[in-house]
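K.L.:
The following block contains the structure, expressed as structure tokens.
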Amino acid sequence: MDTRRAPAERLVRFETWLRGQLLARLEWPKDERQRLKQVGQCQKFVSGFLCDLNRRGWLFDGPILARIIVEKLDTIATRQKAGQIDDLWIYLRSVWSNYADAAAEKLHAEAMSAGFHISKIVAGIKTIPEATAERTAQITAEKLSKARRLQAQKKAVADQQQLF
């Protein structure tokens with residue numbers, strides 16, 4: 001784990017690496033716009049998986065996290081090349097949303113043996129799953145705040161119109 005870099009910088013580097021792995025390992029639509037959209041959606045599914053790892057206290061990072069993701073992508077690619085996947089988007093959503101549950105025992109044992117568990121928080125080291133969960137919470141809070149502002153604006157306009 002590279003603790004010399006700021007968590008935000010590490011997260012950006014991880015996301016760039018993930019996008020490259022997705023593009024290289026899976027088959028995507030020929031249309032560039034559609035391909036980039038689907039790759040972005042898959043990145044969100046992987047982010048959800050990372051948030052799930054974080055909620056469980058399994059704070060994988062660096063080479064171990066990369067290996068877990070690459071192994072899963074390779075499994076998906078094998079099934080995709082064998083023609084066993086009809087709708088990639090639905091399949092990816094299902095695989096990544098259920099992966100932590102399906103591999104819970106293996107992931108838990110690996111997290112404990114590698115030392116990537118909740119004690120890392122005490123040491124002040126922020127892992128990729130933690131940074132992803134933190135950013136997801138921040139985005140959710142920003143969206144909620146924006147929705148509340150819009151709602152207040154609409155109410156103010158409606159109240160103003162009632163005066164006339």
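By order of appearance in the structure tokens: chains A, B, ..., then residues from 1 within every chain, and ligands from 1 in the order shown.
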Sorted by chain and rising residue number, list the residues of stretch 27-46 of chain A at most 12 Å from stretch 73-87 of chain A (counting only C-alpha atoms), each with its closest atom pair and distance in Å to one decimal, as CSV.

P.N.:
```
residue,atom,partner,partner_atom,distance
A:Glu27,CA,A:Ala77,CA,7.5
A:Trp28,CA,A:Gln80,CA,10.3
A:Pro29,CA,A:Asp87,CA,11.5
A:Gln38,CA,A:Asp87,CA,11.3
A:Cys42,CA,A:Leu73,CA,10.7
A:Gln43,CA,A:Leu73,CA,11.7
A:Val46,CA,A:Leu73,CA,10.4
```

K.L.:
Any chance you could list, as a ChimeraX atom specification, the residues in stretch 11-142 of chain A that come up alpha helix (DSSP H) when DSSP is run on the backbone?

P.N.:
/A:11-25,32-56,62-81,88-102,104-114,119-123,128-142

K.L.:
Using only C-alpha atoms, which residues sit within 10 Å of A:Ala8 once same-chain residues fewer than 2 positions away are excluded, as a PDB file with N, CA, C and O atoms, in the first residue's frame?

P.N.:
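Produced file part-v7.pdb, reproduced below:
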```pdb
ATOM      1  N   ARG A   5       1.103   8.622  -0.911  1.00  0.00           N
ATOM      2  CA  ARG A   5       0.162   9.377  -1.741  1.00  0.00           C
ATOM      3  C   ARG A   5      -1.102   9.692  -0.944  1.00  0.00           C
ATOM      4  O   ARG A   5      -1.520   8.921  -0.102  1.00  0.00           O
ATOM      5  N   ALA A   6      -1.711  10.810  -1.273  1.00  0.00           N
ATOM      6  CA  ALA A   6      -2.971  11.190  -0.634  1.00  0.00           C
ATOM      7  C   ALA A   6      -4.059  10.203  -1.056  1.00  0.00           C
ATOM      8  O   ALA A   6      -4.011   9.667  -2.172  1.00  0.00           O
ATOM      9  N   ARG A  10      -4.643   8.307  -4.721  1.00  0.00           N
ATOM     10  CA  ARG A  10      -4.644   6.849  -4.841  1.00  0.00           C
ATOM     11  C   ARG A  10      -5.940   6.357  -5.470  1.00  0.00           C
ATOM     12  O   ARG A  10      -5.938   5.442  -6.283  1.00  0.00           O
ATOM     13  N   LEU A  11      -7.051   6.992  -5.091  1.00  0.00           N
ATOM     14  CA  LEU A  11      -8.341   6.594  -5.639  1.00  0.00           C
ATOM     15  C   LEU A  11      -8.410   6.881  -7.137  1.00  0.00           C
ATOM     16  O   LEU A  11      -8.880   6.044  -7.913  1.00  0.00           O
ATOM     17  N   VAL A  12      -7.926   8.034  -7.558  1.00  0.00           N
ATOM     18  CA  VAL A  12      -7.910   8.376  -8.987  1.00  0.00           C
ATOM     19  C   VAL A  12      -7.036   7.392  -9.750  1.00  0.00           C
ATOM     20  O   VAL A  12      -7.416   6.907 -10.823  1.00  0.00           O
ATOM     21  N   ARG A  13      -5.884   7.057  -9.202  1.00  0.00           N
ATOM     22  CA  ARG A  13      -4.994   6.086  -9.858  1.00  0.00           C
ATOM     23  C   ARG A  13      -5.662   4.709  -9.937  1.00  0.00           C
ATOM     24  O   ARG A  13      -5.555   4.014 -10.938  1.00  0.00           O
ATOM     25  N   PHE A  14      -6.365   4.329  -8.874  1.00  0.00           N
ATOM     26  CA  PHE A  14      -7.078   3.047  -8.873  1.00  0.00           C
ATOM     27  C   PHE A  14      -8.169   3.045  -9.934  1.00  0.00           C
ATOM     28  O   PHE A  14      -8.314   2.075 -10.688  1.00  0.00           O
ATOM     29  N   LYS A 126      -5.821   4.927   4.969  1.00  0.00           N
ATOM     30  CA  LYS A 126      -7.071   4.850   4.227  1.00  0.00           C
ATOM     31  C   LYS A 126      -6.889   3.947   3.008  1.00  0.00           C
ATOM     32  O   LYS A 126      -6.044   4.202   2.161  1.00  0.00           O
ATOM     33  N   ILE A 128      -8.394   1.736  -0.461  1.00  0.00           N
ATOM     34  CA  ILE A 128      -9.242   2.043  -1.616  1.00  0.00           C
ATOM     35  C   ILE A 128     -10.726   1.830  -1.279  1.00  0.00           C
ATOM     36  O   ILE A 128     -11.547   2.697  -1.585  1.00  0.00           O
ATOM     37  N   ALA A 131     -11.813   4.818   0.805  1.00  0.00           N
ATOM     38  CA  ALA A 131     -11.886   6.046   0.013  1.00  0.00           C
ATOM     39  C   ALA A 131     -13.099   6.021  -0.911  1.00  0.00           C
ATOM     40  O   ALA A 131     -13.776   7.035  -1.092  1.00  0.00           O
ATOM     41  N   THR A 132     -13.389   4.858  -1.495  1.00  0.00           N
ATOM     42  CA  THR A 132     -14.553   4.729  -2.370  1.00  0.00           C
ATOM     43  C   THR A 132     -15.841   4.941  -1.579  1.00  0.00           C
ATOM     44  O   THR A 132     -16.742   5.664  -2.026  1.00  0.00           O
ATOM     45  N   ARG A 135     -16.217   8.650  -0.712  1.00  0.00           N
ATOM     46  CA  ARG A 135     -16.638   9.459  -1.855  1.00  0.00           C
ATOM     47  C   ARG A 135     -18.087   9.192  -2.220  1.00  0.00           C
ATOM     48  O   ARG A 135     -18.841  10.107  -2.530  1.00  0.00           O
TER      49      ARG A 135
END
```

K.L.:
Can you pull out every residue within 12 Å of A:Glu134, counting only C-alpha atoms, but drop anything in the same chain fewer than 4 positions away, and send it as a CSV table (one decimal) with N, CA and C atoms, in the first residue's frame?

P.N.:
```csv
chain,number,residue,atom,x,y,z
A,7,PRO,N,-5.0,9.9,-0.2
A,7,PRO,CA,-6.1,9.0,-0.5
A,7,PRO,C,-6.8,9.4,-1.8
A,8,ALA,N,-7.1,10.6,-2.1
A,8,ALA,CA,-7.8,11.0,-3.3
A,8,ALA,C,-6.9,10.7,-4.5
A,11,LEU,N,-7.1,7.0,-5.1
A,11,LEU,CA,-8.3,6.6,-5.6
A,11,LEU,C,-8.4,6.9,-7.1
A,47,SER,N,-17.4,-0.3,-7.6
A,47,SER,CA,-17.4,0.6,-6.5
A,47,SER,C,-18.3,0.2,-5.4
A,48,GLY,N,-19.5,-0.3,-5.8
A,48,GLY,CA,-20.5,-0.9,-4.8
A,48,GLY,C,-19.9,-2.0,-4.1
A,50,LEU,N,-16.7,-2.5,-3.5
A,50,LEU,CA,-15.7,-2.0,-2.6
A,50,LEU,C,-16.4,-1.4,-1.4
A,51,CYS,N,-17.5,-0.7,-1.6
A,51,CYS,CA,-18.2,-0.2,-0.4
A,51,CYS,C,-18.7,-1.3,0.5
A,54,ASN,N,-15.9,-2.5,2.5
A,54,ASN,CA,-15.6,-1.5,3.6
A,54,ASN,C,-16.6,-1.7,4.7
A,55,ARG,N,-17.9,-1.9,4.4
A,55,ARG,CA,-18.9,-2.1,5.4
A,55,ARG,C,-18.7,-3.3,6.3
A,126,LYS,N,-5.8,4.9,5.0
A,126,LYS,CA,-7.1,4.8,4.2
A,126,LYS,C,-6.9,3.9,3.0
A,127,THR,N,-7.7,2.9,2.9
A,127,THR,CA,-7.6,1.9,1.8
A,127,THR,C,-8.5,2.4,0.7
A,128,ILE,N,-8.4,1.7,-0.5
A,128,ILE,CA,-9.2,2.0,-1.6
A,128,ILE,C,-10.7,1.8,-1.3
A,129,PRO,N,-11.1,0.7,-0.6
A,129,PRO,CA,-12.5,0.6,-0.3
A,129,PRO,C,-13.0,1.7,0.6
A,130,GLU,N,-12.2,2.1,1.6
A,130,GLU,CA,-12.6,3.2,2.5
A,130,GLU,C,-12.8,4.5,1.7
A,138,GLN,N,-20.2,11.1,0.1
A,138,GLN,CA,-20.1,12.5,-0.2
A,138,GLN,C,-21.0,12.8,-1.4
A,139,ILE,N,-21.0,12.0,-2.4
A,139,ILE,CA,-21.8,12.3,-3.6
A,139,ILE,C,-23.3,12.2,-3.3
A,140,THR,N,-23.6,11.2,-2.4
A,140,THR,CA,-25.0,11.0,-2.0
A,140,THR,C,-25.5,12.2,-1.2
A,141,ALA,N,-24.7,12.7,-0.3
A,141,ALA,CA,-25.0,13.9,0.4
A,141,ALA,C,-25.2,15.1,-0.5
```

K.L.:
By how many Å are atom CA of A:Ala137 and atom CA of A:Trp96 apart?

P.N.:
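Going from atom CA of A:Ala137 over to atom CA of A:Trp96, I get 18.9 Å.
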
K.L.:
May I ask which of the residues A:Gln21, A:Gln41, A:Ser145, A:Thr136 is the closest one to A:Trp89, counting only C-alpha atoms?

P.N.:
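Selected residue with least distance to A:Trp89: A:Gln41.
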
K.L.:
Which value, in Å to one decimal, gives the distance between atom CA of A:Arg56 and atom CA of A:His108?

P.N.:
8.8 Å

K.L.:
Distance atom CA of A:Ser97-atom CA of A:Ala147, one decimal place?

P.N.:
26.5 Å

K.L.:
Quick one: everything within 7 Å of A:Ala100, counting only C-alpha atoms, minus sequence neighbours fewer than 3 positions away in the same chain. Send it as an MDAnalysis selection string.

P.N.:
chainID A and resid 49 52:53 103:104

K.L.:
Go ahead and save the picked residues with N, CA and C atoms, as a PDB file, in the first residue's frame.

P.N.:
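In the end it all went to part20.pdb:
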```pdb
ATOM      1  N   PHE A  49     -19.156  -2.893  -4.828  1.00  0.00           N
ATOM      2  CA  PHE A  49     -18.476  -4.044  -4.213  1.00  0.00           C
ATOM      3  C   PHE A  49     -17.458  -3.558  -3.184  1.00  0.00           C
ATOM      4  N   ASP A  52     -19.140  -2.419  -0.139  1.00  0.00           N
ATOM      5  CA  ASP A  52     -19.583  -3.585   0.624  1.00  0.00           C
ATOM      6  C   ASP A  52     -18.417  -4.157   1.430  1.00  0.00           C
ATOM      7  N   LEU A  53     -17.249  -4.245   0.818  1.00  0.00           N
ATOM      8  CA  LEU A  53     -16.057  -4.708   1.546  1.00  0.00           C
ATOM      9  C   LEU A  53     -15.783  -3.789   2.740  1.00  0.00           C
ATOM     10  N   ALA A 103     -18.553 -14.897  -1.838  1.00  0.00           N
ATOM     11  CA  ALA A 103     -17.180 -15.273  -1.475  1.00  0.00           C
ATOM     12  C   ALA A 103     -16.826 -14.811  -0.058  1.00  0.00           C
ATOM     13  N   ALA A 104     -17.832 -14.681   0.797  1.00  0.00           N
ATOM     14  CA  ALA A 104     -17.624 -14.100   2.122  1.00  0.00           C
ATOM     15  C   ALA A 104     -16.557 -14.817   2.930  1.00  0.00           C
TER      16      ALA A 104
END
```
